[in-house]
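Peer 1: Have a look at the structure that comes next, please.
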Amino acid sequence: MIKLDMDGVVADFFTAALRWHGGMPYLSGWPRGISCDGKTGDDIARVLGLTNEEFYAPLMLRDFWDDIKPYPGAPEFVESLREVGTVKIYTVITGDHDVCMEAKRNWCSDYLHIYGGDVIFCTSCQDKVQRVGQRGVLIDDHPITCEGVRRAGGRALLVPRPWNSRDPALRFDRVDYRRVLQMLEDLL
């Protein structure tokens, strides 16, 4: 079974968050190594000069979640993963829980054709680690989550992103899915 993180791996949460806070000019100069995946939104807020309350306010709105787009190639990536095994989305609930859950369920069905019970909601990164367990492989962009899964005896694949790598060739607006598929093949 493949357990796939949503934000930062297939969903472009970061660009939507910047757009909603007028921060698109920050994209080209975003400090490498500063988290921008939504699990630690306070890092985004700090770089944008916002309080946590100001950063999280739009995340209470359905319009924010409807503004999130998939990274180029994400639906095809998920189809490739289905050739390897069952795919379930493991995602952290952010902002207004009811709004976020409904919107993320709809997003997964609309863009990835993943439905209902195959979208697993976690309340935190720690909760995600506990829910992932030892079966299958987690594909995630958050190094702390991946390390937690490994410490618990599971397998995790860290997707290279600007916020978890010093590689200047990595981009915020896309994921190199061919590289991720190769990493998965090497892991299995």
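For the structure tokens, the naming scheme is as follows: chains receive sequential letters (A, B, ...) according to their order of presentation, residues are indexed from 1 within each chain, and ligands are indexed from 1 in presentation order.
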So that I can see what lies close to range 110-112 of chain A, please list as a list in words the residues with an atom at most 10 Å from it, counting only C-alpha atoms and leaving out residues fewer than 2 positions away in the same chain.

Peer 2: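 In the requested format, the answer is Val10, Ala11, Lys69, Pro70, Ala74, Pro75, Glu76, Phe77, Val78, Glu79, Ile89, Lys104, Arg105, Asn106, Trp107, Cys108, Ile114 and Tyr115 of chain A.
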
Peer 1: May I have the selected residues written with N, CA and C atoms, as a short mmCIF file (atom, residue, chain, number, x, y, z; two decimals), in the first residue's frame?

Peer 2:
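Below you can see out.cif, which holds the result:
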```cif
data_model
loop_
_atom_site.label_atom_id
_atom_site.label_comp_id
_atom_site.auth_asym_id
_atom_site.auth_seq_id
_atom_site.Cartn_x
_atom_site.Cartn_y
_atom_site.Cartn_z
N VAL A 10 1.35 16.38 -4.01
CA VAL A 10 0.49 16.40 -5.20
C VAL A 10 -0.33 17.69 -5.29
N ALA A 11 -0.56 18.35 -4.15
CA ALA A 11 -1.35 19.59 -4.11
C ALA A 11 -0.43 20.78 -3.82
N LYS A 69 -4.38 23.95 -6.53
CA LYS A 69 -4.29 23.17 -7.77
C LYS A 69 -3.29 22.04 -7.60
N PRO A 70 -3.41 21.01 -8.43
CA PRO A 70 -2.39 19.95 -8.39
C PRO A 70 -1.11 20.43 -9.07
N ALA A 74 0.70 15.58 -11.41
CA ALA A 74 0.28 14.86 -10.20
C ALA A 74 -0.75 13.76 -10.48
N PRO A 75 -1.80 14.02 -11.27
CA PRO A 75 -2.75 12.93 -11.53
C PRO A 75 -2.09 11.72 -12.23
N GLU A 76 -1.19 12.00 -13.15
CA GLU A 76 -0.50 10.92 -13.85
C GLU A 76 0.44 10.17 -12.89
N PHE A 77 1.06 10.90 -11.97
CA PHE A 77 1.90 10.30 -10.95
C PHE A 77 1.10 9.30 -10.11
N VAL A 78 -0.10 9.71 -9.69
CA VAL A 78 -0.95 8.84 -8.88
C VAL A 78 -1.33 7.60 -9.69
N GLU A 79 -1.61 7.78 -10.98
CA GLU A 79 -1.91 6.61 -11.82
C GLU A 79 -0.73 5.66 -11.87
N ILE A 89 -4.52 8.59 0.45
CA ILE A 89 -4.01 9.92 0.80
C ILE A 89 -4.02 10.05 2.32
N LYS A 104 -10.81 18.88 0.96
CA LYS A 104 -9.75 17.94 0.58
C LYS A 104 -10.32 16.65 0.02
N ARG A 105 -11.44 16.18 0.56
CA ARG A 105 -12.09 15.00 -0.02
C ARG A 105 -12.50 15.28 -1.47
N ASN A 106 -13.12 16.44 -1.68
CA ASN A 106 -13.53 16.80 -3.04
C ASN A 106 -12.33 16.95 -3.96
N TRP A 107 -11.26 17.55 -3.47
CA TRP A 107 -10.05 17.75 -4.27
C TRP A 107 -9.49 16.40 -4.70
N CYS A 108 -9.39 15.47 -3.76
CA CYS A 108 -8.85 14.14 -4.08
C CYS A 108 -9.71 13.41 -5.10
N ILE A 114 -9.49 9.63 -6.11
CA ILE A 114 -9.37 8.92 -4.84
C ILE A 114 -10.55 9.37 -3.99
N TYR A 115 -11.29 8.40 -3.46
CA TYR A 115 -12.59 8.71 -2.85
C TYR A 115 -12.68 8.27 -1.40
#
```

Peer 1: Each residue of range 66-178 of chain A with at least one atom at most 8 Å from range 52-62 of chain A should appear once, together with its nearest atom pair and the corresponding distance in Å (one decimal); atoms considered: only C-alpha atoms; ordering: chain, then increasing residue number; output as JSON lines.

Peer 2:
```
{"residue": "A:Asp66", "atom": "CA", "partner": "A:Arg62", "partner_atom": "CA", "distance": 6.2}
{"residue": "A:Thr94", "atom": "CA", "partner": "A:Leu59", "partner_atom": "CA", "distance": 7.0}
{"residue": "A:Gly95", "atom": "CA", "partner": "A:Leu59", "partner_atom": "CA", "distance": 4.7}
{"residue": "A:Asp96", "atom": "CA", "partner": "A:Met60", "partner_atom": "CA", "distance": 4.6}
{"residue": "A:Val99", "atom": "CA", "partner": "A:Arg62", "partner_atom": "CA", "distance": 5.9}
{"residue": "A:Cys100", "atom": "CA", "partner": "A:Arg62", "partner_atom": "CA", "distance": 7.3}
{"residue": "A:Ala103", "atom": "CA", "partner": "A:Arg62", "partner_atom": "CA", "distance": 6.7}
```

Peer 1: List the spatial neighbours of Glu185 in chain A as a short mmCIF file (atom, residue, chain, number, x, y, z; two decimals) with N, CA and C atoms, in the first residue's frame - criterion: any atom at most 12 Å away, only C-alpha atoms, same-chain residues fewer than 6 positions off excluded.

Peer 2:
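So the final result, stored in out.cif, reads:
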```cif
data_model
loop_
_atom_site.label_atom_id
_atom_site.label_comp_id
_atom_site.auth_asym_id
_atom_site.auth_seq_id
_atom_site.Cartn_x
_atom_site.Cartn_y
_atom_site.Cartn_z
N SER A 80 0.48 6.20 -11.96
CA SER A 80 1.68 5.36 -11.95
C SER A 80 1.83 4.62 -10.62
N LEU A 81 1.49 5.30 -9.54
CA LEU A 81 1.56 4.65 -8.23
C LEU A 81 0.56 3.51 -8.12
N GLU A 83 -0.17 1.44 -10.29
CA GLU A 83 0.41 0.25 -10.91
C GLU A 83 1.28 -0.52 -9.92
N VAL A 84 1.74 0.18 -8.86
CA VAL A 84 2.58 -0.43 -7.84
C VAL A 84 1.72 -1.02 -6.72
N VAL A 137 4.26 2.10 2.31
CA VAL A 137 5.28 3.13 2.18
C VAL A 137 4.59 4.49 2.23
N LEU A 157 9.45 7.69 2.16
CA LEU A 157 10.21 8.29 1.07
C LEU A 157 10.04 9.80 1.15
N ARG A 178 9.21 11.81 -11.90
CA ARG A 178 10.06 10.72 -12.41
C ARG A 178 11.11 10.36 -11.35
N ARG A 179 11.68 11.36 -10.73
CA ARG A 179 12.67 11.13 -9.67
C ARG A 179 12.04 10.41 -8.49
#
```

Peer 1: Check range 59-103 of chain A with DSSP on the backbone and list each residue it calls alpha helix (DSSP H), as a list in words.

Peer 2: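 Here are the alpha helix (DSSP H) residues of range 59-103 of chain A: Arg62, Asp63, Phe64, Trp65, Asp66, Ala74, Pro75, Glu76, Phe77, Val78, Glu79, Ser80, Leu81, Arg82, His97, Asp98, Val99, Cys100, Met101, Glu102 and Ala103 of chain A.
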
Peer 1: Those same residues, written as an mmCIF file, in the first residue's frame with N, CA and C atoms?

Peer 2:
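What follows is the written file part33.cif:
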```cif
data_model
loop_
_atom_site.group_PDB
_atom_site.id
_atom_site.type_symbol
_atom_site.label_atom_id
_atom_site.label_comp_id
_atom_site.auth_asym_id
_atom_site.auth_seq_id
_atom_site.Cartn_x
_atom_site.Cartn_y
_atom_site.Cartn_z
ATOM 1 N N ARG A 62 -13.769 27.988 2.486
ATOM 2 C CA ARG A 62 -13.808 26.985 1.423
ATOM 3 C C ARG A 62 -13.134 27.516 0.155
ATOM 4 N N ASP A 63 -13.270 28.804 -0.136
ATOM 5 C CA ASP A 63 -12.655 29.375 -1.335
ATOM 6 C C ASP A 63 -11.143 29.175 -1.352
ATOM 7 N N PHE A 64 -10.508 29.245 -0.181
ATOM 8 C CA PHE A 64 -9.059 29.003 -0.133
ATOM 9 C C PHE A 64 -8.751 27.589 -0.625
ATOM 10 N N TRP A 65 -9.440 26.606 -0.072
ATOM 11 C CA TRP A 65 -9.157 25.211 -0.419
ATOM 12 C C TRP A 65 -9.493 24.922 -1.871
ATOM 13 N N ASP A 66 -10.530 25.578 -2.391
ATOM 14 C CA ASP A 66 -10.887 25.379 -3.802
ATOM 15 C C ASP A 66 -9.866 26.009 -4.740
ATOM 16 N N ALA A 74 0.701 15.576 -11.408
ATOM 17 C CA ALA A 74 0.276 14.859 -10.198
ATOM 18 C C ALA A 74 -0.746 13.762 -10.483
ATOM 19 N N PRO A 75 -1.800 14.019 -11.268
ATOM 20 C CA PRO A 75 -2.750 12.930 -11.531
ATOM 21 C C PRO A 75 -2.093 11.725 -12.227
ATOM 22 N N GLU A 76 -1.194 12.003 -13.154
ATOM 23 C CA GLU A 76 -0.500 10.921 -13.851
ATOM 24 C C GLU A 76 0.438 10.174 -12.888
ATOM 25 N N PHE A 77 1.055 10.900 -11.970
ATOM 26 C CA PHE A 77 1.905 10.295 -10.950
ATOM 27 C C PHE A 77 1.098 9.303 -10.109
ATOM 28 N N VAL A 78 -0.096 9.714 -9.690
ATOM 29 C CA VAL A 78 -0.946 8.842 -8.885
ATOM 30 C C VAL A 78 -1.333 7.603 -9.690
ATOM 31 N N GLU A 79 -1.610 7.776 -10.976
ATOM 32 C CA GLU A 79 -1.914 6.613 -11.818
ATOM 33 C C GLU A 79 -0.728 5.661 -11.867
ATOM 34 N N SER A 80 0.479 6.202 -11.962
ATOM 35 C CA SER A 80 1.685 5.358 -11.954
ATOM 36 C C SER A 80 1.829 4.621 -10.625
ATOM 37 N N LEU A 81 1.491 5.301 -9.536
ATOM 38 C CA LEU A 81 1.559 4.654 -8.227
ATOM 39 C C LEU A 81 0.558 3.515 -8.121
ATOM 40 N N ARG A 82 -0.596 3.662 -8.747
ATOM 41 C CA ARG A 82 -1.619 2.608 -8.718
ATOM 42 C C ARG A 82 -1.127 1.324 -9.384
ATOM 43 N N HIS A 97 -11.627 22.649 10.465
ATOM 44 C CA HIS A 97 -11.570 21.214 10.213
ATOM 45 C C HIS A 97 -12.664 20.726 9.280
ATOM 46 N N ASP A 98 -13.904 21.146 9.496
ATOM 47 C CA ASP A 98 -14.997 20.677 8.646
ATOM 48 C C ASP A 98 -14.831 21.153 7.210
ATOM 49 N N VAL A 99 -14.492 22.429 7.042
ATOM 50 C CA VAL A 99 -14.292 22.994 5.705
ATOM 51 C C VAL A 99 -13.121 22.299 5.024
ATOM 52 N N CYS A 100 -12.024 22.155 5.729
ATOM 53 C CA CYS A 100 -10.818 21.536 5.175
ATOM 54 C C CYS A 100 -11.090 20.092 4.762
ATOM 55 N N MET A 101 -11.729 19.316 5.620
ATOM 56 C CA MET A 101 -11.971 17.909 5.317
ATOM 57 C C MET A 101 -12.842 17.746 4.082
ATOM 58 N N GLU A 102 -13.928 18.486 4.010
ATOM 59 C CA GLU A 102 -14.812 18.377 2.850
ATOM 60 C C GLU A 102 -14.087 18.800 1.576
ATOM 61 N N ALA A 103 -13.362 19.907 1.648
ATOM 62 C CA ALA A 103 -12.661 20.405 0.465
ATOM 63 C C ALA A 103 -11.566 19.439 0.017
#
```

Peer 1: Just want the 9 Å neighbourhood of Asp127 in chain A, counted on only C-alpha atoms, with same-chain residues fewer than 5 positions away dropped. Output as a VMD selection string.

Peer 2: chain A and resid 92 122 132

Peer 1: As a ChimeraX atom specification, list the residues of chain A assigned to strand (DSSP E) by DSSP on the backbone atoms of this structure.

Peer 2: /A:2-5,87-92,119-122,137-140,155-158

Peer 1: Export, as a PDB file, in the first residue's frame, the selected residues with N, CA and C atoms.

Peer 2:
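Generated output (part.pdb):
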```
ATOM      1  N   ILE A   2       0.496   2.224  -0.790  1.00  0.00           N
ATOM      2  CA  ILE A   2       1.214   3.492  -0.846  1.00  0.00           C
ATOM      3  C   ILE A   2       0.382   4.544  -0.128  1.00  0.00           C
ATOM      4  N   LYS A   3       0.995   5.177   0.848  1.00  0.00           N
ATOM      5  CA  LYS A   3       0.355   6.215   1.642  1.00  0.00           C
ATOM      6  C   LYS A   3       0.974   7.530   1.201  1.00  0.00           C
ATOM      7  N   LEU A   4       0.173   8.358   0.583  1.00  0.00           N
ATOM      8  CA  LEU A   4       0.669   9.546  -0.111  1.00  0.00           C
ATOM      9  C   LEU A   4       0.216  10.815   0.602  1.00  0.00           C
ATOM     10  N   ASP A   5       1.179  11.658   0.955  1.00  0.00           N
ATOM     11  CA  ASP A   5       0.853  12.967   1.511  1.00  0.00           C
ATOM     12  C   ASP A   5       0.236  13.818   0.403  1.00  0.00           C
ATOM     13  N   VAL A  87      -3.380   3.101  -3.421  1.00  0.00           N
ATOM     14  CA  VAL A  87      -2.955   4.435  -3.016  1.00  0.00           C
ATOM     15  C   VAL A  87      -4.006   5.035  -2.080  1.00  0.00           C
ATOM     16  N   LYS A  88      -3.540   5.490  -0.929  1.00  0.00           N
ATOM     17  CA  LYS A  88      -4.390   6.225   0.012  1.00  0.00           C
ATOM     18  C   LYS A  88      -3.713   7.548   0.314  1.00  0.00           C
ATOM     19  N   ILE A  89      -4.518   8.590   0.446  1.00  0.00           N
ATOM     20  CA  ILE A  89      -4.013   9.916   0.800  1.00  0.00           C
ATOM     21  C   ILE A  89      -4.024  10.045   2.318  1.00  0.00           C
ATOM     22  N   TYR A  90      -2.898  10.468   2.879  1.00  0.00           N
ATOM     23  CA  TYR A  90      -2.788  10.781   4.305  1.00  0.00           C
ATOM     24  C   TYR A  90      -2.501  12.266   4.389  1.00  0.00           C
ATOM     25  N   THR A  91      -3.413  13.031   4.980  1.00  0.00           N
ATOM     26  CA  THR A  91      -3.269  14.481   4.976  1.00  0.00           C
ATOM     27  C   THR A  91      -3.623  15.080   6.334  1.00  0.00           C
ATOM     28  N   VAL A  92      -2.958  16.168   6.654  1.00  0.00           N
ATOM     29  CA  VAL A  92      -3.194  16.856   7.922  1.00  0.00           C
ATOM     30  C   VAL A  92      -4.334  17.849   7.743  1.00  0.00           C
ATOM     31  N   VAL A 119      -9.110   8.615   1.752  1.00  0.00           N
ATOM     32  CA  VAL A 119      -8.538   9.886   2.184  1.00  0.00           C
ATOM     33  C   VAL A 119      -8.542   9.846   3.715  1.00  0.00           C
ATOM     34  N   ILE A 120      -7.344   9.716   4.294  1.00  0.00           N
ATOM     35  CA  ILE A 120      -7.188   9.567   5.737  1.00  0.00           C
ATOM     36  C   ILE A 120      -6.761  10.912   6.312  1.00  0.00           C
ATOM     37  N   PHE A 121      -7.546  11.425   7.272  1.00  0.00           N
ATOM     38  CA  PHE A 121      -7.252  12.717   7.878  1.00  0.00           C
ATOM     39  C   PHE A 121      -6.517  12.541   9.196  1.00  0.00           C
ATOM     40  N   CYS A 122      -5.455  13.305   9.351  1.00  0.00           N
ATOM     41  CA  CYS A 122      -4.642  13.291  10.559  1.00  0.00           C
ATOM     42  C   CYS A 122      -4.716  14.688  11.179  1.00  0.00           C
ATOM     43  N   VAL A 137       4.256   2.097   2.312  1.00  0.00           N
ATOM     44  CA  VAL A 137       5.280   3.133   2.181  1.00  0.00           C
ATOM     45  C   VAL A 137       4.593   4.493   2.228  1.00  0.00           C
ATOM     46  N   LEU A 138       5.127   5.392   3.054  1.00  0.00           N
ATOM     47  CA  LEU A 138       4.653   6.767   3.068  1.00  0.00           C
ATOM     48  C   LEU A 138       5.510   7.585   2.107  1.00  0.00           C
ATOM     49  N   ILE A 139       4.875   8.373   1.247  1.00  0.00           N
ATOM     50  CA  ILE A 139       5.568   9.331   0.391  1.00  0.00           C
ATOM     51  C   ILE A 139       5.156  10.707   0.882  1.00  0.00           C
ATOM     52  N   ASP A 140       6.115  11.475   1.419  1.00  0.00           N
ATOM     53  CA  ASP A 140       5.810  12.738   2.087  1.00  0.00           C
ATOM     54  C   ASP A 140       6.929  13.737   1.815  1.00  0.00           C
ATOM     55  N   ARG A 155       8.374   2.378   6.434  1.00  0.00           N
ATOM     56  CA  ARG A 155       9.182   2.885   5.325  1.00  0.00           C
ATOM     57  C   ARG A 155       8.598   4.213   4.861  1.00  0.00           C
ATOM     58  N   ALA A 156       9.467   5.162   4.610  1.00  0.00           N
ATOM     59  CA  ALA A 156       9.035   6.491   4.166  1.00  0.00           C
ATOM     60  C   ALA A 156      10.000   7.016   3.125  1.00  0.00           C
ATOM     61  N   LEU A 157       9.447   7.688   2.156  1.00  0.00           N
ATOM     62  CA  LEU A 157      10.205   8.286   1.067  1.00  0.00           C
ATOM     63  C   LEU A 157      10.038   9.799   1.151  1.00  0.00           C
ATOM     64  N   LEU A 158      11.136  10.520   1.344  1.00  0.00           N
ATOM     65  CA  LEU A 158      11.092  11.974   1.422  1.00  0.00           C
ATOM     66  C   LEU A 158      11.171  12.558   0.019  1.00  0.00           C
TER      67      LEU A 158
END
```

Peer 1: Can you pull out the residues contacting Phe172 in chain A? Cut-off 8 Å, using only C-alpha atoms, and skip same-chain residues under 3 positions away; I want them as a PyMOL selection string.

Peer 2: chain A and resi 14-15+27+161-162+175

Peer 1: Looking at A:Gly153, A:Val180, A:Arg46, A:Gly116, which one is nearest to Gly136 in chain A, with distances taken over only C-alpha atoms?

Peer 2: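 Between A:Gly153, A:Val180, A:Arg46, A:Gly116, the residue approaching Gly136 in chain A most closely is A:Gly153.
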